[in-house]
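Engineer: This one is entry.cif, mmCIF, C-alpha atoms.
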```cif
data_data
#
loop_
_atom_site.label_atom_id
_atom_site.label_comp_id
_atom_site.auth_asym_id
_atom_site.auth_seq_id
_atom_site.Cartn_x
_atom_site.Cartn_y
_atom_site.Cartn_z
CA LEU A 134 -12.56 -25.04 3.71
CA HIS A 135 -11.72 -28.72 3.14
CA VAL A 136 -11.28 -30.29 -0.33
CA SER A 137 -13.88 -32.98 0.47
CA ARG A 138 -16.50 -30.20 0.41
CA LEU A 139 -15.66 -29.36 -3.23
CA PRO A 140 -17.34 -32.20 -5.21
CA LEU A 141 -17.55 -30.20 -8.44
CA LEU A 142 -13.76 -29.75 -8.75
CA THR A 143 -11.59 -32.13 -10.72
CA ASN A 144 -8.92 -34.21 -9.02
CA ASP A 145 -6.18 -31.87 -10.32
CA SER A 146 -8.04 -28.85 -8.98
CA LYS A 147 -8.50 -30.53 -5.63
CA ALA A 148 -4.77 -31.24 -5.47
CA THR A 149 -4.04 -27.58 -6.21
CA VAL A 150 -6.41 -26.46 -3.46
CA SER A 151 -4.74 -28.87 -1.02
CA VAL A 152 -1.30 -27.42 -1.80
CA LEU A 153 -2.58 -23.86 -1.38
CA TYR A 154 -4.22 -24.81 1.91
CA CYS A 155 -0.90 -26.23 3.19
CA PHE A 156 0.97 -23.04 2.27
CA PHE A 157 -1.73 -20.97 3.99
CA SER A 158 -1.46 -23.04 7.20
CA ILE A 159 2.33 -22.66 7.26
CA HIS A 160 2.04 -18.91 6.68
CA MET A 161 -0.45 -18.49 9.56
CA ALA A 162 1.76 -20.51 11.90
CA GLN A 163 4.71 -18.27 11.03
CA GLN A 164 2.63 -15.16 11.68
CA VAL A 165 1.64 -16.43 15.12
CA GLY A 166 5.26 -17.25 15.87
CA GLU A 167 6.41 -13.78 14.82
CA LYS A 168 3.71 -12.18 16.97
CA ARG A 169 4.83 -14.12 20.02
CA LYS A 170 8.44 -13.21 19.29
CA THR A 171 7.79 -9.48 19.02
CA THR A 172 5.62 -9.10 22.13
CA ASN A 173 8.08 -10.72 24.59
CA VAL A 174 5.34 -11.02 27.20
CA GLU A 175 3.95 -14.53 26.88
CA GLU A 176 0.46 -15.64 27.77
CA GLU A 177 0.56 -17.51 31.06
CA ASP A 178 -2.37 -18.67 33.13
CA GLU A 179 -2.71 -16.23 36.01
CA ALA A 180 -5.82 -15.85 38.09
CA GLU A 181 -6.99 -12.25 38.41
CA GLN A 182 -6.49 -10.91 41.93
CA TRP A 183 -9.11 -8.22 41.53
CA THR A 184 -12.86 -7.89 40.85
CA ASP A 185 -13.95 -5.53 38.07
CA ILE A 186 -16.02 -2.56 39.22
CA GLU A 187 -18.61 -3.44 36.55
CA ARG A 188 -19.78 -6.33 38.76
CA LEU A 189 -21.51 -3.77 40.98
CA THR A 190 -24.36 -3.87 38.46
CA GLU A 191 -25.19 -7.30 39.89
CA MET A 192 -25.81 -5.57 43.22
CA GLY A 193 -28.18 -2.99 41.75
CA ILE A 194 -25.71 -0.15 41.16
CA GLY A 195 -26.43 1.81 37.99
CA SER A 196 -24.03 2.07 35.06
CA ALA A 197 -23.97 5.86 35.37
CA ASP A 198 -22.68 5.66 38.95
CA ILE A 199 -20.05 3.09 37.93
CA ALA A 200 -18.88 5.46 35.19
CA LYS A 201 -18.54 8.21 37.82
CA LEU A 202 -16.43 5.90 39.99
CA LYS A 203 -14.14 5.17 37.04
CA SER A 204 -13.77 8.88 36.36
CA GLY A 205 -12.58 9.19 39.94
CA GLY A 206 -9.91 6.53 39.45
CA VAL A 207 -11.82 3.62 41.02
CA ASN A 208 -11.71 0.64 38.66
CA THR A 209 -12.04 -2.43 40.90
CA VAL A 210 -14.14 -3.51 43.87
CA GLY A 211 -10.99 -3.87 45.96
CA GLY A 212 -9.91 -0.38 45.00
CA LEU A 213 -13.35 0.89 46.04
CA ILE A 214 -13.08 -0.67 49.50
CA MET A 215 -9.61 0.84 49.91
CA GLN A 216 -11.06 4.35 49.46
CA VAL A 217 -12.16 6.46 52.41
CA LYS A 218 -15.71 7.76 52.26
CA LYS A 219 -14.50 11.37 52.05
CA SER A 220 -12.65 10.73 48.78
CA LEU A 221 -15.71 9.03 47.25
CA LEU A 222 -17.92 11.99 48.19
CA ALA A 223 -15.45 14.23 46.35
CA ILE A 224 -16.36 12.49 43.06
CA LYS A 225 -18.78 14.70 41.15
CA GLY A 226 -22.32 13.33 41.03
CA LEU A 227 -22.13 10.95 44.00
CA SER A 228 -24.30 11.85 46.99
CA GLU A 229 -23.80 10.46 50.49
CA ALA A 230 -26.75 8.09 50.06
CA LYS A 231 -25.30 6.74 46.82
CA VAL A 232 -21.86 6.29 48.35
CA ASP A 233 -23.34 4.34 51.27
CA LYS A 234 -25.24 2.09 48.85
CA ILE A 235 -22.15 1.52 46.71
CA LEU A 236 -19.97 0.66 49.72
CA GLU A 237 -22.59 -1.76 51.03
CA ALA A 238 -22.76 -3.47 47.62
CA SER A 239 -18.96 -3.69 47.38
CA LYS A 240 -18.74 -5.52 50.72
CA LYS A 241 -20.94 -8.29 49.33
CA LEU A 242 -18.57 -8.83 46.38
CA SER A 243 -15.31 -8.55 48.28
CA THR A 244 -13.49 -11.16 50.34
CA CYS A 245 -11.64 -8.58 52.44
CA GLY A 246 -11.59 -9.62 56.08
CA PHE A 247 -9.84 -11.94 58.49
CA GLN A 248 -8.13 -15.08 57.25
CA SER A 249 -6.15 -17.86 58.86
CA GLY A 250 -2.37 -18.00 58.86
CA VAL A 251 -2.58 -20.96 56.48
CA GLU A 252 -4.62 -18.88 54.02
CA ALA A 253 -2.17 -15.99 54.33
CA LEU A 254 0.70 -18.37 53.59
CA GLU A 255 -1.15 -19.69 50.54
CA LYS A 256 -1.67 -16.14 49.28
CA ARG A 257 2.08 -15.50 49.60
CA LYS A 258 2.58 -18.10 46.89
CA ASP A 259 1.21 -15.54 44.42
CA VAL A 260 4.21 -13.28 45.07
CA VAL A 261 6.58 -13.08 42.09
CA LYS A 262 10.31 -12.39 42.45
CA ILE A 263 11.83 -10.34 39.60
CA THR A 264 15.56 -10.81 39.02
CA THR A 265 17.90 -7.82 39.29
CA GLY A 266 20.32 -9.29 36.74
CA CYS A 267 22.94 -10.02 39.44
CA LYS A 268 22.98 -13.35 41.28
CA ALA A 269 24.50 -11.94 44.49
CA PHE A 270 21.88 -9.18 44.52
CA ASP A 271 19.06 -11.71 43.95
CA ASP A 272 20.38 -13.87 46.80
CA LEU A 273 20.43 -10.80 49.05
CA LEU A 274 16.74 -10.19 48.26
CA GLY A 275 15.71 -13.82 48.57
CA GLY A 276 15.18 -14.19 44.82
CA GLY A 277 14.67 -10.66 43.51
CA ILE A 278 12.36 -7.64 43.76
CA GLU A 279 9.04 -9.01 45.02
CA THR A 280 5.52 -8.09 44.00
CA MET A 281 2.79 -6.94 46.42
CA SER A 282 5.26 -4.64 48.17
CA ILE A 283 7.35 -1.47 47.87
CA THR A 284 11.10 -1.78 47.45
CA GLU A 285 12.97 1.47 48.09
CA ALA A 286 16.56 2.12 47.01
CA PHE A 287 18.34 5.14 48.44
CA GLY A 288 21.87 6.40 48.15
CA GLU A 289 23.91 9.24 46.71
CA PHE A 290 24.34 9.84 42.97
CA ARG A 291 26.11 7.25 40.77
CA THR A 292 25.31 4.32 43.03
CA GLY A 293 23.12 2.47 40.51
CA LYS A 294 19.56 3.29 41.58
CA THR A 295 18.43 4.36 38.10
CA GLN A 296 20.53 1.67 36.40
CA LEU A 297 18.70 -0.97 38.43
CA ALA A 298 15.41 0.62 37.34
CA HIS A 299 16.39 0.26 33.66
CA THR A 300 17.48 -3.35 34.20
CA LEU A 301 14.18 -4.19 35.92
CA CYS A 302 12.31 -2.67 32.95
CA VAL A 303 13.63 -5.60 30.92
CA THR A 304 13.81 -8.44 33.46
CA SER A 305 10.19 -7.92 34.51
CA GLN A 306 9.20 -8.92 30.95
CA LEU A 307 11.06 -12.23 31.09
CA PRO A 308 9.05 -15.44 31.59
CA ARG A 309 8.77 -16.77 35.14
CA SER A 310 11.14 -19.62 34.28
CA MET A 311 13.91 -17.04 33.71
CA GLY A 312 13.27 -15.09 36.91
CA GLY A 313 10.99 -12.50 35.31
CA GLY A 314 7.47 -11.33 35.95
CA ASN A 315 6.05 -11.87 32.45
CA GLY A 316 4.40 -8.46 32.55
CA LYS A 317 4.61 -4.88 31.36
CA VAL A 318 6.22 -1.92 33.13
CA ALA A 319 4.99 1.54 34.14
CA PHE A 320 7.75 4.13 34.68
CA VAL A 321 7.04 7.50 36.33
CA ASP A 322 10.05 9.74 35.69
CA THR A 323 10.34 12.74 38.03
CA GLU A 324 13.97 13.67 37.31
CA GLY A 325 14.29 13.13 33.55
CA THR A 326 16.46 10.05 33.99
CA PHE A 327 14.68 7.48 31.78
CA ARG A 328 16.77 6.69 28.71
CA PRO A 329 15.08 4.39 26.16
CA GLU A 330 18.41 3.75 24.41
CA ARG A 331 19.61 1.98 27.58
CA ILE A 332 16.91 -0.66 27.11
CA ARG A 333 18.36 -2.03 23.85
CA PRO A 334 21.66 -3.52 25.17
CA ILE A 335 19.91 -4.82 28.28
CA ALA A 336 17.19 -6.49 26.20
CA GLU A 337 19.78 -8.07 23.88
CA ARG A 338 21.61 -9.43 26.90
CA PHE A 339 18.49 -11.34 27.97
CA GLY A 340 17.54 -12.41 24.43
CA LEU A 341 14.54 -10.10 24.00
CA GLU A 342 13.52 -8.00 21.03
CA ALA A 343 14.55 -4.42 21.89
CA GLU A 344 11.62 -2.79 20.09
CA ALA A 345 9.12 -5.12 21.74
CA ALA A 346 10.72 -4.50 25.13
CA LEU A 347 10.27 -0.74 24.67
CA GLU A 348 6.70 -1.28 23.51
CA ASN A 349 5.97 -3.02 26.83
CA ILE A 350 7.15 -0.01 28.86
CA ILE A 351 4.86 2.99 29.39
CA VAL A 352 6.64 6.15 30.54
CA ALA A 353 5.31 9.42 31.95
CA ARG A 354 7.31 12.50 32.92
CA ALA A 355 6.04 14.22 36.08
CA TYR A 356 6.82 17.87 36.85
CA THR A 357 5.06 18.53 40.17
CA HIS A 358 4.01 16.33 43.09
CA GLU A 359 0.36 16.91 42.07
CA HIS A 360 1.13 15.83 38.50
CA GLN A 361 2.89 12.77 39.91
CA ALA A 362 -0.18 11.86 41.98
CA SER A 363 -2.54 12.30 39.00
CA LEU A 364 -0.37 10.00 36.85
CA LEU A 365 -0.53 7.30 39.51
CA GLY A 366 -4.30 7.74 39.56
CA LEU A 367 -4.42 6.71 35.89
CA LEU A 368 -2.54 3.46 36.42
CA GLY A 369 -5.43 1.53 37.96
CA ALA A 370 -7.38 1.57 34.69
CA LYS A 371 -4.31 0.49 32.72
CA MET A 372 -3.60 -2.39 35.09
CA VAL A 373 -7.19 -3.61 34.71
CA ASP A 374 -6.85 -3.68 30.93
CA ASP A 375 -3.34 -5.16 30.67
CA GLN A 376 -0.89 -7.38 32.56
CA PHE A 377 1.61 -5.24 34.47
CA LYS A 378 4.19 -6.59 36.89
CA LEU A 379 6.31 -3.56 37.75
CA LEU A 380 5.82 0.10 38.66
CA ILE A 381 8.90 2.32 38.91
CA ILE A 382 9.08 5.84 40.33
CA ASP A 383 12.46 7.55 39.91
CA SER A 384 12.48 9.28 42.28
CA ILE A 385 9.63 9.30 44.76
CA THR A 386 10.65 12.38 46.78
CA ALA A 387 12.35 14.70 44.26
CA LEU A 388 9.27 16.78 43.44
CA PHE A 389 8.15 16.98 47.07
CA ARG A 390 11.51 18.54 47.97
CA VAL A 391 11.00 21.17 45.26
CA ASP A 392 7.32 21.95 45.89
CA PHE A 393 7.59 22.22 49.70
CA SER A 394 10.25 24.21 51.48
CA GLY A 395 11.07 24.91 55.09
CA ARG A 396 9.71 23.47 58.31
CA GLY A 397 6.50 25.45 57.90
CA GLU A 398 5.41 23.20 55.01
CA LEU A 399 6.94 19.98 56.33
CA ALA A 400 3.72 18.63 57.87
CA GLU A 401 1.74 19.15 54.65
CA ARG A 402 4.55 17.58 52.59
CA GLN A 403 4.67 14.49 54.78
CA GLN A 404 0.90 14.12 54.74
CA LYS A 405 0.75 14.19 50.93
CA LEU A 406 3.77 11.90 50.63
CA GLY A 407 2.08 9.44 52.99
CA LYS A 408 -1.11 9.53 50.92
CA MET A 409 0.84 8.78 47.74
CA LEU A 410 2.71 5.90 49.38
CA SER A 411 -0.58 4.49 50.62
CA HIS A 412 -1.85 4.54 47.04
CA LEU A 413 1.26 2.65 45.90
CA VAL A 414 0.76 -0.03 48.55
CA LYS A 415 -2.84 -0.51 47.38
CA LEU A 416 -1.78 -0.82 43.73
CA ALA A 417 0.93 -3.34 44.66
CA GLU A 418 -1.40 -5.58 46.65
CA GLU A 419 -4.46 -5.27 44.42
CA PHE A 420 -2.74 -5.98 41.09
CA ASN A 421 0.16 -8.11 42.35
CA VAL A 422 2.81 -5.74 40.96
CA ALA A 423 6.25 -4.89 42.29
CA VAL A 424 6.76 -1.23 43.17
CA TYR A 425 10.37 -0.04 42.93
CA VAL A 426 11.06 3.53 44.04
CA THR A 427 14.34 5.40 44.25
CA ASN A 428 14.97 7.97 46.93
CA GLN A 429 17.44 10.80 47.48
CA VAL A 430 19.61 11.26 50.55
CA ILE A 431 20.53 14.22 52.70
CA ALA A 432 23.52 14.83 54.94
CA ASP A 433 22.82 14.31 58.63
CA PRO A 434 24.52 17.14 60.55
CA GLY A 435 23.36 15.74 63.89
CA GLY A 436 25.57 14.56 66.69
CA ALA A 437 25.40 10.94 65.53
CA SER A 438 27.28 11.87 62.34
CA MET A 439 30.49 12.11 64.39
CA PHE A 440 30.38 8.37 65.03
CA THR A 441 29.00 7.24 61.64
CA ALA A 442 31.20 6.44 58.67
CA ASP A 443 28.57 7.59 56.15
CA PRO A 444 26.26 10.17 57.79
CA LYS A 445 23.61 10.22 55.07
CA LYS A 446 19.95 9.44 55.54
CA PRO A 447 17.05 9.04 53.10
CA VAL A 448 14.56 11.82 52.43
CA GLY A 449 11.00 11.32 53.66
CA GLY A 450 11.57 10.58 57.31
CA HIS A 451 9.42 8.07 59.19
CA VAL A 452 6.57 8.29 56.66
CA MET A 453 8.82 6.88 53.97
CA ALA A 454 10.40 4.35 56.32
CA HIS A 455 7.09 2.85 57.43
CA ALA A 456 5.60 2.61 53.92
CA SER A 457 8.55 0.82 52.28
CA THR A 458 8.56 -2.96 52.76
CA THR A 459 12.23 -3.41 51.84
CA ARG A 460 14.76 -0.59 52.07
CA LEU A 461 18.09 -0.86 50.25
CA PHE A 462 21.08 1.39 50.86
CA PHE A 463 23.38 1.78 47.85
CA ARG A 464 26.96 3.01 48.10
CA LYS A 465 29.97 3.18 45.83
CA GLY A 466 32.68 0.52 45.72
CA ARG A 467 35.85 0.11 43.68
CA GLY A 468 35.62 1.21 40.03
CA GLU A 469 32.25 0.26 38.60
CA GLN A 470 31.37 -1.90 41.58
CA ARG A 471 28.57 -0.89 43.91
CA ILE A 472 27.37 -2.27 47.24
CA ALA A 473 23.73 -2.85 48.22
CA LYS A 474 22.83 -3.32 51.88
CA ILE A 475 19.54 -4.40 53.42
CA HIS A 476 18.64 -1.37 55.52
CA ASP A 477 15.22 -2.61 56.63
CA SER A 478 13.05 -5.64 55.80
CA PRO A 479 10.36 -7.68 57.58
CA CYS A 480 11.91 -11.00 56.55
CA LEU A 481 15.46 -10.46 55.23
CA PRO A 482 18.57 -10.34 57.45
CA GLU A 483 20.92 -7.38 57.38
CA ALA A 484 23.52 -8.23 54.75
CA GLU A 485 25.36 -6.81 51.72
CA ALA A 486 25.88 -7.73 48.08
CA VAL A 487 28.35 -6.44 45.50
CA TYR A 488 27.14 -5.72 41.97
CA GLN A 489 28.45 -3.90 38.93
CA ILE A 490 27.11 -1.32 36.49
CA SER A 491 27.77 -2.11 32.84
CA ALA A 492 26.38 -1.27 29.40
CA GLU A 493 24.09 -4.28 29.84
CA GLY A 494 22.64 -3.01 33.10
CA ILE A 495 23.21 -4.46 36.56
CA THR A 496 25.54 -7.50 36.38
CA ASP A 497 27.60 -9.75 38.63
CA ALA A 498 30.68 -8.05 40.06
CA LYS A 499 33.99 -8.88 38.40
CA ASP A 500 37.22 -9.14 40.36
#
```
How would this structure read if it were set down as structure tokens?
Structural biologist:
Amino acid sequence: LHVSRLPLLTNDSKATVSVLYCFFSIHMAQQVGEKRKTTNVEEEDEAEQWTDIERLTEMGIGSADIAKLKSGGVNTVGGLIMQVKKSLLAIKGLSEAKVDKILEASKKLSTCGFQSGVEALEKRKDVVKITTGCKAFDDLLGGGIETMSITEAFGEFRTGKTQLAHTLCVTSQLPRSMGGGNGKVAFVDTEGTFRPERIRPIAERFGLEAEAALENIIVARAYTHEHQASLLGLLGAKMVDDQFKLLIIDSITALFRVDFSGRGELAERQQKLGKMLSHLVKLAEEFNVAVYVTNQVIADPGGASMFTADPKKPVGGHVMAHASTTRLFFRKGRGEQRIAKIHDSPCLPEAEAVYQISAEGITDAKD
């Protein structure tokens, strides 16, 4: 309301209204500033990489069938195309004829197919690198933990795998200009290792509000490998509704080792582990999120252990090795120092970096 639209008021009254209007404007500006301060995650222009499943209505698919797809964990057109027909037929209420019609409609909305090398290079520009909090570690990774891929960290206890996870919970919320992902975090805890009190000193180190940082982290405790898979099935809907940039699973193989025992169940374990890893790859590529998983190690009693300084190997075998884009081997150094080595990567050379564990998370190593 502007004072010029109040002709019946006296000049004194108009002056009073003007003063009140000024105070109101200042108050609203402060409220907006406080809101931005307490959310940490800023609004940045980012084109959506996915197509909402609701757009299938444009292709003649009914709302009831779309609701059934959502109940089955399918929330985007890309996610629909990534499903095998058998899994879609398992959704209650979808016949084979309906599934065929839905898949045909999804192909018309999707751009999945061949592309030139130039187009692939352009798409790589969408990849975000999330800082680890240690410059040497970031340099080792070519800038940080990258989105659209799985980064696996394996090593024995007390090597910093979980501490890196806690640090990434904060750095992923930083703006891009500070090496962050400007997004929220999903943390699937299979070993009971997530400690919210660790987030406060790490957030203060990077100048973030601790309470807001915790608000931007969603945590779920998994108790069986089936529970773990069902939790991951819920993430698609959350990533459609909000801006996530990091998914952490600590650890990826712990529950599989408990739920399957002996060589007799090894094939089934590896098959289900492979299916879960495939789901993670799809989430990473579809929603442009970084997937960081920790992994346990086992002693290698084979003949090669005689000639190896550290005869430990990661759990999960070849299934785990092929699914992970970047594999990091962590080992202990002097005092609080730890050493990270590139074990496998499609684009990074084999090298090492020294980092340190502190109350403020992963930091640069001190002499």
Engineer: Tell me, counting all atoms listed in the file, for each residue of segment 352-453 of chain A within 12 Å of segment 476-495 of chain A, which pair of atoms is nearest and how far apart they are in Å to one decimal, in rows ordered by chain and increasing number, as JSON lines.
Structural biologist:
```
{"residue": "A:Lys446", "atom": "CA", "partner": "A:His476", "partner_atom": "CA", "distance": 10.9}
{"residue": "A:Pro447", "atom": "CA", "partner": "A:His476", "partner_atom": "CA", "distance": 10.8}
{"residue": "A:Met453", "atom": "CA", "partner": "A:Asp477", "partner_atom": "CA", "distance": 11.8}
```
Engineer: Looking at only C-alpha atoms, which of A:Glu359, A:Glu237, A:Glu344, A:Asp375 is the one that sits closest to Ile332 of chain A?
Structural biologist: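 Using only C-alpha atoms, Ile332 of chain A sits closest to A:Glu344.
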Engineer: By how many Å are atom CA of Ile214 of chain A and atom CA of Val373 of chain A apart?
Structural biologist: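 Pair atom CA of Ile214 of chain A / atom CA of Val373 of chain A returns 16.2 Å.
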Engineer: Evaluated on this file, the PyMOL selection byres ((chain A and resi 343) around 12) picks out some residues - which ones are they, written as a list in words?
Structural biologist: Lys170, Thr171, Thr172, Asn173, Cys302, Val303, Gln306, Pro329, Glu330, Arg331, Ile332, Arg333, Pro334, Ile335, Ala336, Glu337, Arg338, Phe339, Gly340, Leu341, Glu342, Glu344, Ala345, Ala346, Leu347, Glu348, Asn349 and Ile350 of chain A
Engineer: Keeping only C-alpha atoms, write the selected residues to a file as a compact mmCIF listing (two decimals), in the frame of the given file.
Structural biologist:
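As a result, selection37.txt now contains:
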```
# COMPACT_ATOMS: atom_id res chain seq x y z
CA LYS A 170 8.44 -13.21 19.29
CA THR A 171 7.79 -9.48 19.02
CA THR A 172 5.62 -9.10 22.13
CA ASN A 173 8.08 -10.72 24.59
CA CYS A 302 12.31 -2.67 32.95
CA VAL A 303 13.63 -5.60 30.92
CA GLN A 306 9.20 -8.92 30.95
CA PRO A 329 15.08 4.39 26.16
CA GLU A 330 18.41 3.75 24.41
CA ARG A 331 19.61 1.98 27.58
CA ILE A 332 16.91 -0.66 27.11
CA ARG A 333 18.36 -2.03 23.85
CA PRO A 334 21.66 -3.52 25.17
CA ILE A 335 19.91 -4.82 28.28
CA ALA A 336 17.19 -6.49 26.20
CA GLU A 337 19.78 -8.07 23.88
CA ARG A 338 21.61 -9.43 26.90
CA PHE A 339 18.49 -11.34 27.97
CA GLY A 340 17.54 -12.41 24.43
CA LEU A 341 14.54 -10.10 24.00
CA GLU A 342 13.52 -8.00 21.03
CA GLU A 344 11.62 -2.79 20.09
CA ALA A 345 9.12 -5.12 21.74
CA ALA A 346 10.72 -4.50 25.13
CA LEU A 347 10.27 -0.74 24.67
CA GLU A 348 6.70 -1.28 23.51
CA ASN A 349 5.97 -3.02 26.83
CA ILE A 350 7.15 -0.01 28.86
```
Engineer: Can you pull out the residues contacting Thr209 of chain A? Cut-off 9 Å, using all atoms listed in the file, and skip same-chain residues under 6 positions away; I want them as a list in words.
Structural biologist: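 Within the cut-off, the hits are Trp183, Thr184, Asp185, Ile186, Glu187, Arg188, Lys203, Gly369, Ala370, Val373 and Glu419 of chain A.
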Engineer: Once the PyMOL selection byres ((chain A and resi 221) around 10) has been evaluated on this model, what residues remain selected, and can you format them as a VMD selection string?
Structural biologist: chain A and resid 201 to 202 205 207 213 216 to 220 222 to 225 227 to 229 231 to 233 235 to 236
Engineer: Run through the PyMOL selection byres ((chain A and resi 388-400) around 8) on the given coordinates and return the selected residues as a list in words.
Structural biologist: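 Listing what the PyMOL selection byres ((chain A and resi 388-400) around 8) selects in the shown file: Thr323, Tyr356, Thr357, His358, Ile385, Thr386, Ala387, Glu401, Arg402, Gln403, Gln404 and Leu406 of chain A.
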